[in-house]
Amino acid sequence: MARDTTDDTPLTSVEELADYMAQGAKPKSAFRLGTEHEKFGFFMADHTPVPYFGEASIHALLTGMQEKLGWEPIMDGPNIIGLAGGSGEGAISIEPGGQFELSGAALETLHETEAETAHHLNVLQQIAEPMGIRFLGMGGSPLWSLAQTPKMPKSRYEIMTRYMPRVGKNGLDMMYRSSTIQVNLDFSSEADMRVKMRVSTKLQSIATALFAASPFTEGKPNGMQSWRGEIWRDTDNGRAGLLPFVFQPDFTFVDYATWALDVPMYFVVRDGRYHDCTHVTFRQFMNGALKGEIAQWQPTLGDWTNHLGTLFPDVRLKRFLEMRGADCGPKSHISALSAFWVGLLYDEQALAATDALTADWDLQSVTALRDAVPTEGLNAKIKGHTALDIVREALKISRAGLKARARLNAAGQDESLYLDPLDTIAQTGCTVAQAMLESYEHQWNKSVDPVFSAYQY
């Protein structure tokens, strides 16, 4: 999320909270897709991480991008922490460990997503190359310890860094040493949201297996294909993971709002200042818990919007749905991740087929799959089928859904072409993580350093 929201509309009821999300519904003709991707900046000379301050730094990258793009700088006190494009052009932000993120615009086609990514990386390279900086496409930082990882001067991250060790083992690794690709997708109604959220929640671990690309930690294999997936198994589980009510056949916006109400807050923003609110839930906030602590203690719609963005379920609901299961990986995986989900969810026949594919998956079996995938990858099983079996079937459905959309590029190709890198994984059964490990053992002389060349942007 590029910018924390300030909207002073007062809140008085749970219904208003649910209605905020419901207002995201739009006709199918207005559906869009927004792709986000993070990448680790590093110095080519020695593979060290890029700090925030200095001549060659995250600050310098943001400043250079601002000059090239003309986007509005986003400030936190005296520090630039992101850029906001005009007229729905998207945004650039930084994650806690300096992961450089593009939150793409809401686009009509995957061809536009591919062009957007190429343009972003091209402009970024023009700024970064003279500084000796490039970027790594992986789901987890392969070399640096937490102590070696820089910290970004962003107020919300200071609050989260203090809070995370109290609520899970892996929260700081999630913040500072993980990286993802996600796509944000629309719904047309509460019923449409319900089925999309149900099937995508069930399939997130399949996406984790398919996009697994984080097998190294601190310079050696970590025993996993998706270390990032393992991190999320113990990162503030009160606000993350699987939501049991999503498996109920009739859950509603109110159910999600009710769950969110009882999750501790991170902060409220008043007059540009972040106030630590990790000691209260949003429900307590609604009931006046901050009266006497801050001058403007009444909850606002901006507070609710910010709170929704600090919840971390496998599929996050705001005014759209966020698919959050995938590791970052090679450049081709950016469009591939979006293509995978657009194909499954945006065509009615494909969505029905996906629902049927996962119809007998209950909370217990999906939880077991989610627990197994980080280590076992495509060999993990659910209901007698391997994740690889499910991947192959899901890719057939997704490809059919993309062909049915019939969105063609200038060469007359439909969007299914972006699934090709995933078809290769499905055919061989070899994930990016497994390919990395194979290279580590046989070509890289058991060093992770070559990963910075092989998987750089």
# chains A, B, ... in the order shown; residues from 1 in each chain; ligands from 1
>>> residues_around(residues="range 296-309 of chain A", least_positions_apart="5", cutoff="8 Å", atoms="only C-alpha atoms", output="list in words")
Met1, Asp4, Thr5, Thr6, Asp7, Asp8, Thr9, Pro10, Leu11, Leu17, Ala260, Met265, Tyr266, Val268, Val269, Arg270, Phe282, Phe285, Met286, Gly288, Leu290, Lys291, Leu317 and Lys318 of chain A
>>> write_last_selection(atoms="C-alpha atoms", output="short mmCIF file (atom, residue, chain, number, x, y, z; two decimals), in the first residue's frame")
data_model
loop_
_atom_site.label_atom_id
_atom_site.label_comp_id
_atom_site.auth_asym_id
_atom_site.auth_seq_id
_atom_site.Cartn_x
_atom_site.Cartn_y
_atom_site.Cartn_z
CA MET A 1 0.00 0.00 0.00
CA ASP A 4 -1.99 5.63 4.31
CA THR A 5 -5.40 7.16 3.93
CA THR A 6 -6.85 10.23 5.57
CA ASP A 7 -10.64 10.36 5.21
CA ASP A 8 -12.40 12.14 8.07
CA THR A 9 -15.86 10.65 7.42
CA PRO A 10 -17.05 9.52 10.90
CA LEU A 11 -17.94 5.88 11.59
CA LEU A 17 -17.73 -0.87 7.73
CA ALA A 260 -11.54 -7.33 11.26
CA MET A 265 -4.83 -2.09 15.20
CA TYR A 266 -1.36 -0.89 14.24
CA VAL A 268 -4.06 5.89 13.55
CA VAL A 269 -2.76 8.89 11.65
CA ARG A 270 -3.59 12.35 12.97
CA PHE A 282 -10.83 -1.64 16.05
CA PHE A 285 -11.51 2.00 19.11
CA MET A 286 -15.13 2.29 17.92
CA GLY A 288 -14.01 5.06 22.56
CA LEU A 290 -8.58 6.12 22.53
CA LYS A 291 -10.54 8.91 24.20
CA LEU A 317 -10.73 -8.21 1.09
CA LYS A 318 -10.96 -4.47 0.67
#
>>> residues_around(residues="range 52-60 of chain A", least_positions_apart="2", cutoff="12 Å", atoms="only C-alpha atoms", output="ChimeraX atom specification")
/A:40-44,48-50,62-67,73-75,78-83,92-101,124,127-135,149-154
>>> write_last_selection(atoms="C-alpha atoms", output="mmCIF file, in the first residue's frame")
data_model
loop_
_atom_site.group_PDB
_atom_site.id
_atom_site.type_symbol
_atom_site.label_atom_id
_atom_site.label_comp_id
_atom_site.auth_asym_id
_atom_site.auth_seq_id
_atom_site.Cartn_x
_atom_site.Cartn_y
_atom_site.Cartn_z
ATOM 1 C CA PHE A 40 15.335 -6.716 -3.386
ATOM 2 C CA GLY A 41 17.799 -3.995 -4.343
ATOM 3 C CA PHE A 42 21.475 -4.936 -4.159
ATOM 4 C CA PHE A 43 24.878 -3.598 -5.176
ATOM 5 C CA MET A 44 26.362 -5.526 -8.089
ATOM 6 C CA THR A 48 25.152 -6.085 -0.242
ATOM 7 C CA PRO A 49 21.699 -4.545 0.323
ATOM 8 C CA VAL A 50 20.882 -0.954 -0.608
ATOM 9 C CA LEU A 62 12.997 7.320 -5.315
ATOM 10 C CA THR A 63 14.243 10.822 -6.039
ATOM 11 C CA GLY A 64 15.522 9.771 -9.449
ATOM 12 C CA MET A 65 12.267 8.007 -10.298
ATOM 13 C CA GLN A 66 10.323 11.084 -9.230
ATOM 14 C CA GLU A 67 12.358 13.261 -11.586
ATOM 15 C CA PRO A 73 6.435 12.241 -3.774
ATOM 16 C CA ILE A 74 4.927 10.572 -0.698
ATOM 17 C CA MET A 75 6.592 11.809 2.461
ATOM 18 C CA PRO A 78 11.281 14.701 5.977
ATOM 19 C CA ASN A 79 11.802 11.413 4.139
ATOM 20 C CA ILE A 80 10.484 10.388 0.735
ATOM 21 C CA ILE A 81 8.943 6.914 1.112
ATOM 22 C CA GLY A 82 7.096 6.506 -2.189
ATOM 23 C CA LEU A 83 5.615 8.043 -5.309
ATOM 24 C CA ILE A 92 5.835 3.112 -5.948
ATOM 25 C CA SER A 93 6.529 2.264 -2.323
ATOM 26 C CA ILE A 94 9.198 0.691 -0.164
ATOM 27 C CA GLU A 95 8.813 -2.294 2.125
ATOM 28 C CA PRO A 96 10.526 -2.402 5.546
ATOM 29 C CA GLY A 97 13.821 -3.904 4.331
ATOM 30 C CA GLY A 98 14.037 -1.697 1.260
ATOM 31 C CA GLN A 99 12.127 -4.012 -1.081
ATOM 32 C CA PHE A 100 11.198 -1.738 -3.983
ATOM 33 C CA GLU A 101 7.532 -2.126 -4.928
ATOM 34 C CA LEU A 124 14.248 2.008 -12.725
ATOM 35 C CA ILE A 127 18.275 5.328 -12.377
ATOM 36 C CA ALA A 128 19.839 2.322 -10.664
ATOM 37 C CA GLU A 129 22.529 1.308 -13.147
ATOM 38 C CA PRO A 130 24.800 4.362 -12.613
ATOM 39 C CA MET A 131 24.636 3.631 -8.874
ATOM 40 C CA GLY A 132 25.714 0.026 -9.412
ATOM 41 C CA ILE A 133 22.318 -1.223 -8.223
ATOM 42 C CA ARG A 134 20.217 -4.042 -9.607
ATOM 43 C CA PHE A 135 17.240 -5.997 -8.272
ATOM 44 C CA THR A 149 19.149 -5.784 6.322
ATOM 45 C CA PRO A 150 18.551 -2.017 6.190
ATOM 46 C CA LYS A 151 15.522 -0.418 7.824
ATOM 47 C CA MET A 152 13.400 2.146 6.021
ATOM 48 C CA PRO A 153 12.408 5.347 7.900
ATOM 49 C CA LYS A 154 8.669 4.770 7.708
#
>>> residues_around(residues="Ser365 in chain A", least_positions_apart="3", cutoff="10 Å", atoms="only C-alpha atoms", output="PDB file with N, CA and C atoms, in the first residue's frame")
ATOM      1  N   LYS A 202      -8.755 -21.266  -1.047  1.00  0.00           N
ATOM      2  CA  LYS A 202      -8.388 -22.680  -1.108  1.00  0.00           C
ATOM      3  C   LYS A 202      -7.142 -22.906  -1.959  1.00  0.00           C
ATOM      4  N   ASP A 360     -14.710 -30.053  -2.445  1.00  0.00           N
ATOM      5  CA  ASP A 360     -14.658 -30.870  -1.223  1.00  0.00           C
ATOM      6  C   ASP A 360     -13.477 -30.520  -0.328  1.00  0.00           C
ATOM      7  N   TRP A 361     -12.801 -29.401  -0.612  1.00  0.00           N
ATOM      8  CA  TRP A 361     -11.683 -28.981   0.226  1.00  0.00           C
ATOM      9  C   TRP A 361     -12.224 -28.229   1.446  1.00  0.00           C
ATOM     10  N   ASP A 362     -12.070 -28.804   2.617  1.00  0.00           N
ATOM     11  CA  ASP A 362     -12.539 -28.148   3.836  1.00  0.00           C
ATOM     12  C   ASP A 362     -11.374 -27.442   4.529  1.00  0.00           C
ATOM     13  N   ALA A 368      -3.837 -28.259   6.225  1.00  0.00           N
ATOM     14  CA  ALA A 368      -2.761 -29.253   6.101  1.00  0.00           C
ATOM     15  C   ALA A 368      -1.929 -29.007   4.843  1.00  0.00           C
ATOM     16  N   LEU A 369      -2.594 -28.656   3.748  1.00  0.00           N
ATOM     17  CA  LEU A 369      -1.874 -28.322   2.517  1.00  0.00           C
ATOM     18  C   LEU A 369      -0.982 -27.110   2.733  1.00  0.00           C
ATOM     19  N   ARG A 370      -1.519 -26.093   3.368  1.00  0.00           N
ATOM     20  CA  ARG A 370      -0.769 -24.857   3.621  1.00  0.00           C
ATOM     21  C   ARG A 370       0.462 -25.126   4.490  1.00  0.00           C
ATOM     22  N   ASP A 371       0.332 -26.065   5.432  1.00  0.00           N
ATOM     23  CA  ASP A 371       1.452 -26.415   6.299  1.00  0.00           C
ATOM     24  C   ASP A 371       2.526 -27.200   5.545  1.00  0.00           C
ATOM     25  N   LYS A 381       0.143 -32.820  -0.736  1.00  0.00           N
ATOM     26  CA  LYS A 381      -1.098 -33.453  -1.171  1.00  0.00           C
ATOM     27  C   LYS A 381      -2.321 -32.858  -0.486  1.00  0.00           C
ATOM     28  N   ILE A 382      -3.444 -32.923  -1.203  1.00  0.00           N
ATOM     29  CA  ILE A 382      -4.747 -32.593  -0.640  1.00  0.00           C
ATOM     30  C   ILE A 382      -5.780 -33.514  -1.276  1.00  0.00           C
ATOM     31  N   LYS A 383      -6.554 -34.162  -0.428  1.00  0.00           N
ATOM     32  CA  LYS A 383      -7.624 -35.056  -0.877  1.00  0.00           C
ATOM     33  C   LYS A 383      -7.119 -36.097  -1.886  1.00  0.00           C
TER      34      LYS A 383
END
>>> residues_around(residues="Pro165 in chain A", least_positions_apart="5", cutoff="10 Å", atoms="only C-alpha atoms", output="ChimeraX atom specification")
/A:160,170-172,235-236
>>> write_last_selection(atoms="C-alpha atoms", output="CSV table (one decimal), in the first residue's frame")
chain,number,residue,atom,x,y,z
A,160,MET,CA,5.2,-3.0,13.4
A,170,ASN,CA,8.5,-14.8,11.9
A,171,GLY,CA,7.0,-11.3,11.7
A,172,LEU,CA,10.3,-9.5,11.3
A,235,THR,CA,3.4,-14.2,11.5
A,236,ASP,CA,0.7,-12.7,13.8
>>> atom_distance(atom1="CA of His442 in chain A", atom2="CA of Ala213 in chain A")
17.9 Å
>>> select_by_dssp(residues="range 307-427 of chain A", states="strand (DSSP E or B)", output="VMD selection string")
chain A and resid 312 to 313 315 to 317 321 to 327 381 to 382 385 to 386
>>> residues_around(residues="Pro215 in chain A", least_positions_apart="6", cutoff="9 Å", atoms="only C-alpha atoms", output="short mmCIF file (atom, residue, chain, number, x, y, z; two decimals) with N, CA and C atoms, in the first residue's frame")
data_model
loop_
_atom_site.label_atom_id
_atom_site.label_comp_id
_atom_site.auth_asym_id
_atom_site.auth_seq_id
_atom_site.Cartn_x
_atom_site.Cartn_y
_atom_site.Cartn_z
N GLY A 139 11.55 -14.85 -3.55
CA GLY A 139 10.56 -14.71 -2.49
C GLY A 139 11.14 -14.43 -1.13
N GLY A 140 12.44 -14.69 -0.97
CA GLY A 140 13.09 -14.45 0.31
C GLY A 140 14.51 -13.99 0.10
N PRO A 142 18.20 -14.10 0.12
CA PRO A 142 18.99 -15.33 0.16
C PRO A 142 20.28 -15.26 0.97
N PRO A 221 21.04 -23.33 1.78
CA PRO A 221 19.67 -23.85 1.66
C PRO A 221 18.99 -23.90 3.02
N ASN A 222 17.70 -23.54 3.01
CA ASN A 222 16.96 -23.50 4.27
C ASN A 222 16.05 -24.71 4.44
N GLY A 223 16.13 -25.68 3.52
CA GLY A 223 15.32 -26.88 3.64
C GLY A 223 13.92 -26.73 3.09
N MET A 224 13.64 -25.59 2.47
CA MET A 224 12.31 -25.32 1.95
C MET A 224 12.37 -24.86 0.51
N GLN A 225 11.24 -24.96 -0.18
CA GLN A 225 11.11 -24.37 -1.50
C GLN A 225 10.55 -22.96 -1.40
N SER A 226 9.63 -22.77 -0.46
CA SER A 226 9.10 -21.42 -0.22
C SER A 226 9.29 -21.07 1.25
N TRP A 227 10.45 -20.50 1.54
CA TRP A 227 10.68 -19.99 2.90
C TRP A 227 9.65 -18.92 3.22
N ARG A 228 9.30 -18.13 2.22
CA ARG A 228 8.27 -17.11 2.43
C ARG A 228 6.96 -17.75 2.90
N ALA A 433 12.42 -22.71 -7.28
CA ALA A 433 13.22 -23.05 -6.09
C ALA A 433 14.05 -24.30 -6.34
N GLN A 434 13.45 -25.31 -6.95
CA GLN A 434 14.19 -26.54 -7.22
C GLN A 434 15.30 -26.31 -8.25
N MET A 436 16.90 -23.50 -8.63
CA MET A 436 17.95 -22.81 -7.89
C MET A 436 18.79 -23.79 -7.08
N LEU A 437 18.15 -24.72 -6.40
CA LEU A 437 18.87 -25.69 -5.58
C LEU A 437 19.74 -26.60 -6.44
#
>>> closest_atom_pairs(of="range 312-367 of chain A", to="range 407-410 of chain A", cutoff="12 Å", atoms="only C-alpha atoms", output="CSV")
residue,atom,partner,partner_atom,distance
A:Ala339,CA,A:Arg407,CA,11.9
A:Val342,CA,A:Arg407,CA,11.8
A:Gly343,CA,A:Arg407,CA,11.5
>>> select_by_dssp(residues="range 144-326 of chain A", states="helix (DSSP H, G or I)", output="PyMOL selection string")
chain A and resi 155-166+171-177+190-210+227-234+244-247+253-261+282-286+301-308
>>> closest_residue(among="A:Ala350, A:Phe312, A:Ala289, A:Phe267", to="Met175 in chain A", atoms="only C-alpha atoms")
A:Phe312
>>> closest_residue(among="A:Pro313, A:Gly86, A:Pro264, A:Gly272", to="Met197 in chain A", atoms="only C-alpha atoms")
A:Pro313
>>> closest_residue(among="A:Leu203, A:Val254, A:Leu242, A:Ile334", to="His37 in chain A", atoms="only C-alpha atoms")
A:Ile334
>>> atom_distance(atom1="CA of Ser145 in chain A", atom2="CA of Asp276 in chain A")
26.9 Å
>>> closest_residue(among="A:Lys331, A:His385, A:Lys396, A:Arg32", to="Thr109 in chain A", atoms="only C-alpha atoms")
A:Arg32
>>> closest_residue(among="A:Asn445, A:Asn122, A:Thr35, A:Thr367", to="Gln204 in chain A", atoms="only C-alpha atoms")
A:Thr367
>>> closest_residue(among="A:Val246, A:Ala454, A:Leu61, A:Leu419", to="Val123 in chain A", atoms="only C-alpha atoms")
A:Leu61
